[in-house]
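Participant: Here you go, model-v3.cif (mmCIF, C-alpha atoms):
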data_run
loop_
_atom_site.label_atom_id
_atom_site.label_comp_id
_atom_site.auth_asym_id
_atom_site.auth_seq_id
_atom_site.Cartn_x
_atom_site.Cartn_y
_atom_site.Cartn_z
CA MET E 1 159.59 86.08 81.57
CA LYS E 2 156.36 85.55 83.47
CA LYS E 3 153.11 86.02 81.54
CA GLN E 4 149.45 85.75 82.40
CA LEU E 5 146.42 84.47 80.56
CA ILE E 6 143.29 86.40 81.55
CA LEU E 7 139.85 85.12 80.55
CA GLU E 8 136.81 87.34 80.21
CA ASP E 9 135.13 85.51 83.13
CA GLY E 10 137.90 86.78 85.42
CA THR E 11 139.98 83.58 85.59
CA VAL E 12 143.74 84.23 85.62
CA PHE E 13 146.51 81.76 84.82
CA ILE E 14 150.18 82.61 85.43
CA GLY E 15 152.92 80.88 83.47
CA GLU E 16 156.20 81.25 81.61
CA GLY E 17 156.23 83.25 78.41
CA PHE E 18 157.83 82.11 75.17
CA GLY E 19 157.84 83.47 71.65
CA SER E 20 156.86 87.12 71.25
CA ASP E 21 156.23 89.53 74.14
CA LYS E 22 153.24 90.96 72.26
CA TYR E 23 149.97 91.66 74.10
CA SER E 24 147.30 89.60 72.34
CA ILE E 25 143.52 89.13 72.53
CA GLY E 26 141.60 86.29 70.89
CA GLU E 27 138.99 83.57 71.28
CA VAL E 28 140.46 80.82 73.49
CA VAL E 29 139.87 77.31 72.10
CA PHE E 30 141.39 73.87 72.71
CA ASN E 31 142.69 71.11 70.45
CA THR E 32 142.91 67.49 71.63
CA GLY E 33 145.50 66.27 69.11
CA MET E 34 148.50 64.43 70.56
CA THR E 35 150.81 65.39 67.66
CA GLY E 36 150.75 67.79 64.74
CA TYR E 37 151.26 71.08 66.57
CA GLN E 38 153.05 72.60 63.57
CA GLU E 39 150.07 71.96 61.29
CA ILE E 40 147.71 73.26 63.99
CA LEU E 41 149.52 76.56 64.55
CA SER E 42 149.72 77.16 60.77
CA ASP E 43 146.08 76.25 60.00
CA PRO E 44 144.31 79.43 58.72
CA SER E 45 141.06 78.21 60.33
CA TYR E 46 142.51 79.34 63.68
CA CYS E 47 142.64 82.96 62.54
CA GLY E 48 141.92 85.25 65.49
CA GLN E 49 142.09 82.45 68.08
CA ILE E 50 144.37 81.59 70.99
CA VAL E 51 144.91 77.84 70.79
CA THR E 52 145.30 75.58 73.83
CA LEU E 53 146.80 72.13 73.31
CA THR E 54 145.54 69.51 75.76
CA TYR E 55 148.54 67.22 75.15
CA PRO E 56 151.10 68.21 77.82
CA LEU E 57 154.44 68.31 75.96
CA VAL E 58 154.62 70.48 72.84
CA GLY E 59 157.60 71.40 70.65
CA ASN E 60 159.64 68.26 71.35
CA TYR E 61 160.23 67.53 67.65
CA GLY E 62 160.72 71.17 66.71
CA ILE E 63 159.62 73.07 63.62
CA ASN E 64 160.56 71.91 60.11
CA ARG E 65 160.08 73.40 56.65
CA ASP E 66 157.69 70.72 55.33
CA ASP E 67 154.71 70.48 57.70
CA PHE E 68 153.18 73.96 57.38
CA GLU E 69 149.56 74.39 56.31
CA SER E 70 150.03 78.05 55.35
CA ILE E 71 152.92 80.41 54.68
CA LYS E 72 152.15 82.66 57.63
CA PRO E 73 150.33 81.60 60.84
CA ALA E 74 147.11 83.43 61.72
CA ILE E 75 146.72 82.43 65.38
CA GLN E 76 146.73 85.05 68.13
CA GLY E 77 148.57 82.96 70.70
CA PHE E 78 149.55 79.48 71.89
CA ILE E 79 148.95 77.86 75.30
CA VAL E 80 150.74 74.68 76.41
CA LYS E 81 151.54 72.82 79.61
CA GLU E 82 155.21 72.40 78.71
CA ALA E 83 157.12 73.90 75.77
CA ALA E 84 160.24 71.92 74.85
CA GLU E 85 163.27 74.23 74.78
CA PHE E 86 165.57 71.77 73.01
CA PRO E 87 163.73 69.84 70.27
CA SER E 88 165.15 66.54 69.07
CA ASN E 89 164.28 65.32 65.58
CA TRP E 90 166.30 64.90 62.39
CA ARG E 91 163.93 67.25 60.51
CA SER E 92 163.92 69.98 63.16
CA GLU E 93 165.21 73.38 62.03
CA GLN E 94 164.13 75.63 64.91
CA SER E 95 162.33 75.60 68.23
CA LEU E 96 158.75 76.66 68.89
CA HIS E 97 160.07 79.71 70.76
CA ASP E 98 162.24 80.83 67.83
CA TYR E 99 159.42 80.33 65.31
CA PHE E 100 156.98 82.38 67.40
CA GLN E 101 159.52 85.15 67.82
CA ILE E 102 159.96 85.41 64.06
CA HIS E 103 156.18 85.62 63.49
CA ASN E 104 155.45 87.82 66.53
CA ILE E 105 153.14 85.31 68.24
CA PRO E 106 152.98 85.12 72.05
CA GLY E 107 153.00 81.81 73.89
CA ILE E 108 152.46 80.85 77.50
CA ALA E 109 153.55 77.60 79.15
CA GLY E 110 153.39 76.06 82.59
CA ILE E 111 149.69 76.64 83.25
CA ASP E 112 147.07 74.00 84.10
CA THR E 113 145.76 73.28 80.60
CA ARG E 114 143.38 70.62 81.98
CA LYS E 115 141.67 73.21 84.16
CA LEU E 116 141.51 75.66 81.25
CA THR E 117 139.97 72.99 79.00
CA ARG E 118 137.34 72.17 81.64
CA ILE E 119 136.41 75.86 81.88
CA ILE E 120 135.93 76.07 78.10
CA ARG E 121 133.93 72.83 78.02
CA GLN E 122 131.68 74.09 80.82
CA HIS E 123 131.18 77.70 79.76
CA GLY E 124 132.00 77.59 76.04
CA THR E 125 134.77 79.44 74.25
CA LEU E 126 135.83 82.69 75.92
CA LYS E 127 137.75 85.77 74.97
CA GLY E 128 141.19 85.83 76.51
CA ALA E 129 144.34 87.93 76.66
CA ILE E 130 147.99 86.92 76.91
CA CYS E 131 150.00 89.70 78.53
CA SER E 132 152.89 90.51 80.84
CA ILE E 133 152.62 89.64 84.54
CA GLU E 134 153.08 93.37 85.21
CA GLU E 135 149.74 94.29 83.60
CA ASN E 136 146.87 95.12 85.95
CA VAL E 137 144.25 92.37 85.79
CA ASP E 138 141.26 94.70 86.24
CA ASP E 139 142.48 96.98 83.44
CA ILE E 140 142.96 94.02 81.09
CA LEU E 141 139.52 92.62 81.98
CA GLU E 142 137.92 95.96 81.14
CA LYS E 143 139.70 96.05 77.76
CA LEU E 144 138.90 92.40 77.14
CA ARG E 145 135.19 92.69 77.80
CA ALA E 146 134.96 95.83 75.67
CA THR E 147 136.77 94.22 72.73
CA LYS E 148 134.65 92.97 69.86
CA LEU E 149 136.44 90.24 67.99
CA ARG E 150 136.73 90.66 64.22
CA ASN E 151 134.33 88.80 61.94
CA ASP E 152 136.27 89.15 58.67
CA GLN E 153 138.68 86.29 59.27
CA VAL E 154 138.10 84.75 55.83
CA LYS E 155 139.05 88.05 54.17
CA GLN E 156 142.24 88.11 56.26
CA VAL E 157 143.47 84.65 55.28
CA SER E 158 142.15 84.11 51.74
CA THR E 159 144.43 84.67 48.76
CA LYS E 160 144.06 88.12 47.21
CA THR E 161 144.57 87.00 43.61
CA PRO E 162 143.99 83.73 41.71
CA TYR E 163 146.97 81.47 41.05
CA PRO E 164 147.49 78.10 39.33
CA SER E 165 148.93 74.85 40.62
CA PRO E 166 149.26 73.12 37.25
CA GLY E 167 148.50 69.49 36.46
CA ARG E 168 147.45 67.41 33.44
CA GLY E 169 144.28 65.94 34.94
CA ARG E 170 140.89 67.35 35.87
CA ARG E 171 140.63 71.10 36.28
CA VAL E 172 139.50 71.96 39.80
CA VAL E 173 138.81 75.51 40.93
CA LEU E 174 139.63 75.65 44.63
CA VAL E 175 137.90 78.51 46.44
CA ASP E 176 140.19 79.67 49.23
CA PHE E 177 138.32 80.54 52.43
CA GLY E 178 141.45 79.78 54.48
CA MET E 179 142.72 76.75 52.61
CA LYS E 180 145.09 74.30 54.26
CA HIS E 181 147.96 73.33 51.99
CA GLY E 182 147.07 69.69 52.63
CA ILE E 183 143.99 70.05 50.41
CA LEU E 184 146.09 71.41 47.57
CA ARG E 185 148.65 68.64 48.07
CA GLU E 186 145.95 65.96 47.77
CA LEU E 187 144.63 67.45 44.53
CA ASN E 188 148.17 67.79 43.12
CA LYS E 189 148.88 64.17 44.08
CA ARG E 190 145.99 63.20 41.77
CA ASP E 191 147.43 65.37 38.95
CA CYS E 192 144.55 67.82 39.08
CA ASP E 193 144.98 71.13 37.27
CA VAL E 194 144.14 73.41 40.20
CA ILE E 195 143.32 77.11 40.10
CA VAL E 196 143.05 78.69 43.55
CA VAL E 197 140.74 81.72 43.69
CA PRO E 198 139.81 84.27 46.41
CA TYR E 199 136.78 83.78 48.66
CA ASN E 200 134.79 86.56 46.94
CA THR E 201 135.20 85.28 43.36
CA SER E 202 131.85 85.30 41.54
CA ALA E 203 130.20 82.21 40.09
CA GLN E 204 130.60 83.56 36.57
CA GLU E 205 134.32 84.20 37.08
CA ILE E 206 134.68 80.61 38.26
CA LEU E 207 132.72 79.22 35.30
CA ASN E 208 134.88 81.32 32.95
CA LEU E 209 137.82 79.16 34.08
CA SER E 210 136.08 76.08 32.59
CA PRO E 211 136.34 73.90 35.71
CA ASP E 212 135.53 70.20 35.76
CA GLY E 213 134.74 70.62 39.44
CA VAL E 214 134.80 73.21 42.22
CA MET E 215 136.15 72.63 45.73
CA LEU E 216 135.09 74.80 48.66
CA SER E 217 137.89 74.92 51.23
CA ASN E 218 138.01 75.10 54.99
CA GLY E 219 138.29 78.44 56.74
CA PRO E 220 137.76 80.40 59.97
CA GLY E 221 134.80 82.08 61.59
CA ASP E 222 131.03 82.18 61.22
CA PRO E 223 129.84 81.05 57.74
CA LYS E 224 127.05 83.64 57.83
CA ASP E 225 129.71 86.37 57.68
CA VAL E 226 130.71 85.21 54.17
CA SER E 227 127.56 86.22 52.27
CA GLU E 228 129.40 86.57 48.94
CA ALA E 229 130.30 82.90 48.98
CA ILE E 230 126.75 81.80 49.76
CA GLU E 231 125.45 83.58 46.67
CA MET E 232 128.29 82.18 44.55
CA ILE E 233 127.48 78.61 45.60
CA LYS E 234 123.78 79.11 44.81
CA GLU E 235 124.67 80.08 41.25
CA LEU E 236 127.08 77.16 40.80
CA LEU E 237 124.65 74.46 41.97
CA GLY E 238 123.78 72.11 39.14
CA LYS E 239 126.29 73.66 36.74
CA VAL E 240 129.44 71.95 38.01
CA PRO E 241 130.24 69.25 40.62
CA LEU E 242 130.98 70.61 44.09
CA PHE E 243 132.94 69.27 47.06
CA GLY E 244 133.02 71.26 50.31
CA ILE E 245 135.25 70.81 53.36
CA CYS E 246 134.58 72.28 56.84
CA LEU E 247 133.60 75.95 56.28
CA GLY E 248 132.87 74.99 52.67
CA HIS E 249 130.41 72.41 54.03
CA GLN E 250 128.64 75.04 56.15
CA LEU E 251 128.48 77.58 53.31
CA PHE E 252 127.05 74.90 51.00
CA ALA E 253 124.33 74.13 53.57
CA LEU E 254 123.40 77.81 53.86
CA ALA E 255 123.27 78.14 50.07
CA CYS E 256 120.83 75.21 49.96
CA GLY E 257 118.46 76.77 52.51
CA ALA E 258 119.69 75.10 55.72
CA ASN E 259 120.90 76.90 58.83
CA THR E 260 124.09 76.84 60.88
CA GLU E 261 124.56 77.24 64.62
CA ARG E 262 127.44 77.95 66.96
CA LEU E 263 128.79 75.01 68.96
CA LYS E 264 129.51 75.48 72.66
CA PHE E 265 133.23 74.74 72.36
CA GLY E 266 133.62 73.32 68.85
CA HIS E 267 135.38 70.24 67.48
CA ARG E 268 139.15 70.58 67.35
CA GLY E 269 141.43 67.58 67.28
CA SER E 270 142.53 64.55 65.31
CA ASN E 271 140.52 61.85 67.06
CA HIS E 272 136.87 62.53 66.23
CA PRO E 273 134.82 59.46 65.20
CA VAL E 274 132.41 60.02 62.29
CA LYS E 275 129.91 57.49 60.95
CA ASP E 276 129.13 57.21 57.24
CA LEU E 277 125.39 56.55 57.24
CA GLN E 278 125.44 55.16 53.69
CA ILE E 279 127.81 52.25 54.40
CA GLY E 280 127.83 52.11 58.20
CA LYS E 281 131.58 52.61 58.44
CA VAL E 282 133.26 54.75 61.11
CA ALA E 283 136.30 56.91 60.37
CA ILE E 284 138.54 58.69 62.87
CA THR E 285 138.84 62.23 61.58
CA SER E 286 140.69 65.50 61.97
CA GLN E 287 138.44 68.47 62.77
CA ASN E 288 138.62 72.19 63.44
CA HIS E 289 135.36 74.12 63.55
CA GLY E 290 133.18 76.13 65.91
CA TYR E 291 129.91 75.98 63.93
CA SER E 292 127.75 73.16 62.61
CA VAL E 293 124.73 72.65 60.35
CA GLU E 294 121.48 72.65 62.31
CA GLU E 295 119.81 69.26 61.91
CA ALA E 296 116.21 70.53 61.99
CA SER E 297 116.92 72.98 59.15
CA ILE E 298 117.69 70.14 56.70
CA LYS E 299 114.06 68.93 56.51
CA ASN E 300 112.74 71.43 53.96
CA THR E 301 115.79 71.37 51.70
CA SER E 302 117.12 69.12 48.93
CA LEU E 303 119.93 67.95 51.19
CA GLU E 304 120.53 64.51 52.65
CA VAL E 305 122.64 63.83 55.75
CA THR E 306 125.43 61.36 54.91
CA HIS E 307 127.67 61.49 58.01
CA ILE E 308 127.20 62.16 61.72
CA ALA E 309 129.59 62.75 64.63
CA LEU E 310 129.45 59.88 67.12
CA ASN E 311 130.49 62.10 70.04
CA ASP E 312 127.53 64.50 69.89
CA GLY E 313 125.36 63.51 66.90
CA THR E 314 126.01 66.68 64.89
CA ILE E 315 125.95 66.63 61.09
CA GLU E 316 129.31 65.77 59.52
CA GLY E 317 128.38 65.25 55.87
CA LEU E 318 125.77 66.26 53.29
CA LYS E 319 124.89 65.55 49.68
CA HIS E 320 122.45 67.21 47.31
CA LYS E 321 119.56 65.02 46.17
CA GLU E 322 119.40 66.51 42.67
CA TYR E 323 122.78 68.01 41.83
CA PRO E 324 126.34 66.56 41.86
CA ALA E 325 127.49 68.01 45.15
CA PHE E 326 128.61 66.70 48.53
CA THR E 327 130.38 68.06 51.59
CA VAL E 328 131.98 66.99 54.86
CA GLN E 329 132.52 68.88 58.10
CA TYR E 330 135.84 67.16 58.84
CA HIS E 331 139.22 67.20 57.05
CA PRO E 332 139.84 64.28 54.67
CA GLU E 333 143.34 65.61 53.96
CA ALA E 334 144.10 65.28 57.72
CA SER E 335 147.29 67.34 58.28
CA PRO E 336 147.48 66.55 61.10
CA GLY E 337 145.55 63.41 61.86
CA PRO E 338 144.47 60.05 60.47
CA GLU E 339 143.91 59.56 56.75
CA ASP E 340 140.81 57.35 57.10
CA ALA E 341 138.74 59.69 54.93
CA ASN E 342 141.33 60.38 52.24
CA GLY E 343 139.27 58.47 49.66
CA LEU E 344 136.81 61.36 49.47
CA PHE E 345 139.14 63.03 46.97
CA GLU E 346 138.73 60.02 44.66
CA GLN E 347 134.99 60.20 45.26
CA PHE E 348 135.04 63.81 44.06
CA LEU E 349 136.91 62.90 40.88
CA GLN E 350 134.47 60.04 40.27
CA LEU E 351 131.59 62.49 40.68
CA ILE E 352 133.18 64.72 38.04
CA GLU E 353 133.49 61.78 35.65
CA SER E 354 129.88 60.68 36.23
CA HIS E 355 128.65 64.22 35.65
CA GLU E 356 130.54 64.43 32.36
CA GLN E 357 129.16 61.07 31.21
CA GLU E 358 125.61 62.15 32.01
CA GLY E 359 126.21 65.38 30.09
CA ALA E 360 127.52 63.42 27.08
CA CYS E 361 124.45 61.15 27.15
CA THR E 362 122.17 64.18 27.24
CA CYS E 363 123.95 65.73 24.27
CA GLN E 364 123.60 62.49 22.28
CA ASN E 365 119.91 62.37 23.04
CA VAL E 366 119.47 65.94 21.87
CA GLN E 367 121.28 65.20 18.60
CA ILE E 368 119.02 62.24 17.89
#
Show me, as structure tokens, the structure contained in the file I just sent.
Facilitator:
Amino acid sequence: MKKQLILEDGTVFIGEGFGSDKYSIGEVVFNTGMTGYQEILSDPSYCGQIVTLTYPLVGNYGINRDDFESIKPAIQGFIVKEAAEFPSNWRSEQSLHDYFQIHNIPGIAGIDTRKLTRIIRQHGTLKGAICSIEENVDDILEKLRATKLRNDQVKQVSTKTPYPSPGRGRRVVLVDFGMKHGILRELNKRDCDVIVVPYNTSAQEILNLSPDGVMLSNGPGDPKDVSEAIEMIKELLGKVPLFGICLGHQLFALACGANTERLKFGHRGSNHPVKDLQIGKVAITSQNHGYSVEEASIKNTSLEVTHIALNDGTIEGLKHKEYPAFTVQYHPEASPGPEDANGLFEQFLQLIESHEQEGACTCQNVQI
């Protein structure tokens, strides 16, 4: 079945449809990863977006039960140059087409994804619609331009109720803004006693769980739309060690008085070089975000820049000068991507231990 991708600037691409026949509108973005399409399509940070993969062949190793980053995908559509009809891999359980049919997600293949990527890089992300070839382009354009995309993506993808992922080690409260399962896996691997809570959980409710540390997860959308979380982070600062990833990094910056800004076309891929300013080491990282912390806004805060992106110089890491808290804009759990930055989870646990030791020393001094 022929389908068309219509962008709000009037550009039309015609290709072959796969997956669902649903009409879908979303923000069109691109990801430069060469592998890991299953993790990408199941990443909650893509909520409300139509994802273009720049790598030409997608679906060749199928879909398996183990590589999902969420139970249900939140993307609005998928755009590829070529969708493999007959995957070949010993773990494969179904094709991309079959998976998208089950979850009612439309896909379009056979279009010039290089041209589409150049358009996004030149003009920034655009609203787009995937629809049948029979739809009138002018009618779709009118609907598209009149459509206001939702700004409650975090509410859509966050857990509705708290739940435990038990362990015998440190207790970590993981605030779910659109958490990738890879983050939970890394904490479980270190035997952390994890309690996952909704995005709008109050600081007092979190403290009532007696955490050794709090992790702020990744998630979709504009951080300024999640005002509840900003207030929660303000109240937690100095009371418990914090580690933020991606959206959690941006929310932490806002809570500390910095500002965030929208990037022209974002960072999405598994090959982004980031420099650690403290040790001079470069890591290749996995990223997925459309906003960043504004560099000029850091000056009058208690924040220190720890990492920068080598491609465009944007801020990729922060730490608080007074309190036990640090964040990164990229994904140390990868999924998909390189695991260069995986040691940040150990760094978080070390921060928890240092904070407890300092607290014990303070108590001893008070007793004396």
Participant: Could you tell me, as a list in words, exactly which residues end up selected when the PyMOL selection byres ((chain E and resi 222) around 10) is applied to this structure?
Facilitator: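 What the PyMOL selection byres ((chain E and resi 222) around 10) grabs from the file is Asn151, Asp152, Gln153, Val154, Gly219, Pro220, Gly221, Pro223, Lys224, Asp225, Val226, Leu247, Gln250, Leu251, Thr260, Glu261, Arg262, His289, Gly290, Tyr291 and Ser292 of chain E.
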Participant: Using C-alpha atoms, can you write the selected residues to a file as a short mmCIF file (atom, residue, chain, number, x, y, z; two decimals), in the frame of the given file?
Facilitator:
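File written: result_0.cif
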data_model
loop_
_atom_site.label_atom_id
_atom_site.label_comp_id
_atom_site.auth_asym_id
_atom_site.auth_seq_id
_atom_site.Cartn_x
_atom_site.Cartn_y
_atom_site.Cartn_z
CA ASN E 151 134.33 88.80 61.94
CA ASP E 152 136.27 89.15 58.67
CA GLN E 153 138.68 86.29 59.27
CA VAL E 154 138.10 84.75 55.83
CA GLY E 219 138.29 78.44 56.74
CA PRO E 220 137.76 80.40 59.97
CA GLY E 221 134.80 82.08 61.59
CA PRO E 223 129.84 81.05 57.74
CA LYS E 224 127.05 83.64 57.83
CA ASP E 225 129.71 86.37 57.68
CA VAL E 226 130.71 85.21 54.17
CA LEU E 247 133.60 75.95 56.28
CA GLN E 250 128.64 75.04 56.15
CA LEU E 251 128.48 77.58 53.31
CA THR E 260 124.09 76.84 60.88
CA GLU E 261 124.56 77.24 64.62
CA ARG E 262 127.44 77.95 66.96
CA HIS E 289 135.36 74.12 63.55
CA GLY E 290 133.18 76.13 65.91
CA TYR E 291 129.91 75.98 63.93
CA SER E 292 127.75 73.16 62.61
#
Participant: Could you tell me which of E:Leu242, E:Ile308, E:Ala203, E:Ala146 comes closest to Val172 of chain E if we count only C-alpha atoms?
Facilitator: E:Leu242
Participant: What does the PyMOL selection byres ((chain E and resi 116) around 12) select in this file, as number ranges by chain?
Facilitator: E: 5-7, 9, 11-14, 28-31, 51-54, 79-81, 110-115, 117-126, 128
Participant: Identify which of the residues E:Val157, E:Val282, E:Val137, E:Val196 lies closest to Asn311 of chain E, counting only C-alpha atoms when measuring atom-to-atom distances.
Facilitator: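 Ranking E:Val157, E:Val282, E:Val137, E:Val196 by distance to Asn311 of chain E, first place goes to E:Val282.
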Participant: Just so the selection is clear, what residues does the PyMOL selection byres ((chain E and resi 267) around 6) cover here, as an MDAnalysis selection string?
Facilitator: chainID E and resid 266 268 287:289
Participant: Using all atoms listed in the file, which residues of segment 118-181 of chain E come within 12 Å of segment 323-345 of chain E, and what is the closest atom pair for each, with the distance in Å to one decimal? Give it as CSV, sorted by chain and residue number.
Facilitator:
residue,atom,partner,partner_atom,distance
E:Val172,CA,E:Phe345,CA,11.5
E:Met179,CA,E:His331,CA,11.1
E:Lys180,CA,E:Ser335,CA,8.3
E:His181,CA,E:Ser335,CA,8.7
Participant: Quick one: residues within 12 Å of Lys239 of chain E, all atoms listed in the file, excluding same-chain residues fewer than 5 positions away - as a compact mmCIF listing (two decimals) with C-alpha atoms, in the coordinates of the input?
Facilitator:
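part-v3.txt, freshly written:
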# COMPACT_ATOMS: atom_id res chain seq x y z
CA ALA E 203 130.20 82.21 40.09
CA GLN E 204 130.60 83.56 36.57
CA ILE E 206 134.68 80.61 38.26
CA LEU E 207 132.72 79.22 35.30
CA SER E 210 136.08 76.08 32.59
CA PRO E 211 136.34 73.90 35.71
CA ASP E 212 135.53 70.20 35.76
CA GLY E 213 134.74 70.62 39.44
CA VAL E 214 134.80 73.21 42.22
CA MET E 232 128.29 82.18 44.55
CA ILE E 233 127.48 78.61 45.60
CA LYS E 234 123.78 79.11 44.81
CA GLU E 322 119.40 66.51 42.67
CA TYR E 323 122.78 68.01 41.83
CA PRO E 324 126.34 66.56 41.86
CA ALA E 325 127.49 68.01 45.15
CA ILE E 352 133.18 64.72 38.04
CA HIS E 355 128.65 64.22 35.65
CA GLU E 356 130.54 64.43 32.36
CA GLY E 359 126.21 65.38 30.09
Participant: Between E:Ser45, E:Ile230, E:Thr314, E:Ala283, which has the minimum distance to Ser270 of chain E (counting only C-alpha atoms)?
Facilitator: E:Ala283
Participant: If we count all atoms listed in the file, what is near segment 301-303 of chain E at a cut-off of 10 Å, once residues fewer than 2 positions away on the same chain are taken out, given as a list of chain:residue names?
Facilitator: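 Listing them by chain and then by number gives E:Phe252, E:Ala253, E:Cys256, E:Gly257, E:Ala258, E:Ser297, E:Ile298, E:Lys299, E:Val305, E:Thr306, E:Leu318, E:Lys319, E:His320, E:Lys321, E:Glu322, E:Tyr323, E:Ala325, E:Phe326.
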Participant: Just to confirm, what's the straight-line distance from atom CA of Ala83 of chain E to atom CA of Cys47 of chain E in Å (one decimal)?
Facilitator: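 Atom-to-atom, atom CA of Ala83 of chain E to atom CA of Cys47 of chain E, that is 21.6 Å.
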Participant: When you draw a straight line from atom CA of Cys246 of chain E to atom CA of Lys264 of chain E, how long is it in Å?
Facilitator: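 Going from atom CA of Cys246 of chain E over to atom CA of Lys264 of chain E, I get 16.9 Å.
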Participant: Choose the residue, out of E:His307, E:Ser202, E:Ile315, E:Pro241, that has the smallest atom-to-atom separation from Leu351 of chain E; count only C-alpha atoms.
Facilitator: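 Going through E:His307, E:Ser202, E:Ile315, E:Pro241 one by one, the smallest distance to Leu351 of chain E is for E:Pro241.
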Participant: Tell me which of E:Gln4, E:Leu57, E:Gln350, E:Glu186 sits closest to Pro87 of chain E, counting all atoms listed in the file.
Facilitator: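 Comparing E:Gln4, E:Leu57, E:Gln350, E:Glu186 against Pro87 of chain E, the winner is E:Leu57.
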Participant: Using only C-alpha atoms, pick whichever of E:Leu149, E:Ala74, E:Val293, E:Ile63 has the shortest atom-to-atom distance to Asp98 of chain E.
Facilitator: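 Nearest candidate to Asp98 of chain E out of E:Leu149, E:Ala74, E:Val293, E:Ile63: E:Ile63.
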Participant: Just the residues within 9 Å of Arg91 of chain E, please, counting only C-alpha atoms, with nothing from its chain fewer than 5 positions along; format it as a PyMOL selection string.
Facilitator: chain E and resi 61-66
Participant: Taking 4 positions as the minimum chain separation for residues in the same chain, which residues sit within 7 Å of segment 21-25 of chain E when counting all atoms listed in the file? Answer as a list of chain:residue names.
Facilitator: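 Result of the neighbour search: E:Gln76, E:Gly77, E:Asn104, E:Ile105, E:Pro106, E:Gly128, E:Ala129, E:Ile130, E:Cys131.
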Participant: Using Å and a single decimal, report how far atom CA of Arg185 of chain E sits from atom CA of Ser158 of chain E.
Facilitator: 17.2 Å
Participant: Missing atoms in segment 45-59 of chain E should be modelled up to N, CA and C atoms and reported as a compact mmCIF listing (two decimals), in the coordinates of the input.
Facilitator:
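Now in part.txt:
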# COMPACT_ATOMS: atom_id res chain seq x y z
N SER E 45 142.36 78.26 59.65
CA SER E 45 141.06 78.21 60.33
C SER E 45 141.13 78.69 61.77
N TYR E 46 142.35 78.82 62.32
CA TYR E 46 142.51 79.34 63.68
C TYR E 46 142.71 80.85 63.71
N CYS E 47 142.45 81.51 62.60
CA CYS E 47 142.64 82.96 62.54
C CYS E 47 141.85 83.65 63.66
N GLY E 48 142.56 84.49 64.43
CA GLY E 48 141.92 85.25 65.49
C GLY E 48 141.76 84.50 66.80
N GLN E 49 142.29 83.27 66.88
CA GLN E 49 142.09 82.45 68.08
C GLN E 49 143.40 82.20 68.83
N ILE E 50 143.27 82.01 70.14
CA ILE E 50 144.37 81.59 70.99
C ILE E 50 144.16 80.10 71.24
N VAL E 51 145.10 79.29 70.81
CA VAL E 51 144.91 77.84 70.79
C VAL E 51 145.59 77.18 71.99
N THR E 52 144.80 76.37 72.71
CA THR E 52 145.30 75.58 73.83
C THR E 52 145.47 74.14 73.36
N LEU E 53 146.61 73.54 73.62
CA LEU E 53 146.80 72.13 73.31
C LEU E 53 146.66 71.32 74.59
N THR E 54 145.78 70.31 74.56
CA THR E 54 145.54 69.51 75.76
C THR E 54 146.67 68.52 76.02
N TYR E 55 147.41 68.13 74.96
CA TYR E 55 148.54 67.22 75.15
C TYR E 55 149.64 67.99 75.89
N PRO E 56 150.25 67.41 76.93
CA PRO E 56 151.10 68.21 77.82
C PRO E 56 152.43 68.70 77.25
N LEU E 57 153.11 67.90 76.44
CA LEU E 57 154.44 68.31 75.96
C LEU E 57 154.36 68.71 74.49
N VAL E 58 154.73 69.94 74.20
CA VAL E 58 154.62 70.48 72.84
C VAL E 58 155.97 71.08 72.43
N GLY E 59 156.36 70.84 71.17
CA GLY E 59 157.60 71.40 70.65
C GLY E 59 158.77 70.45 70.70
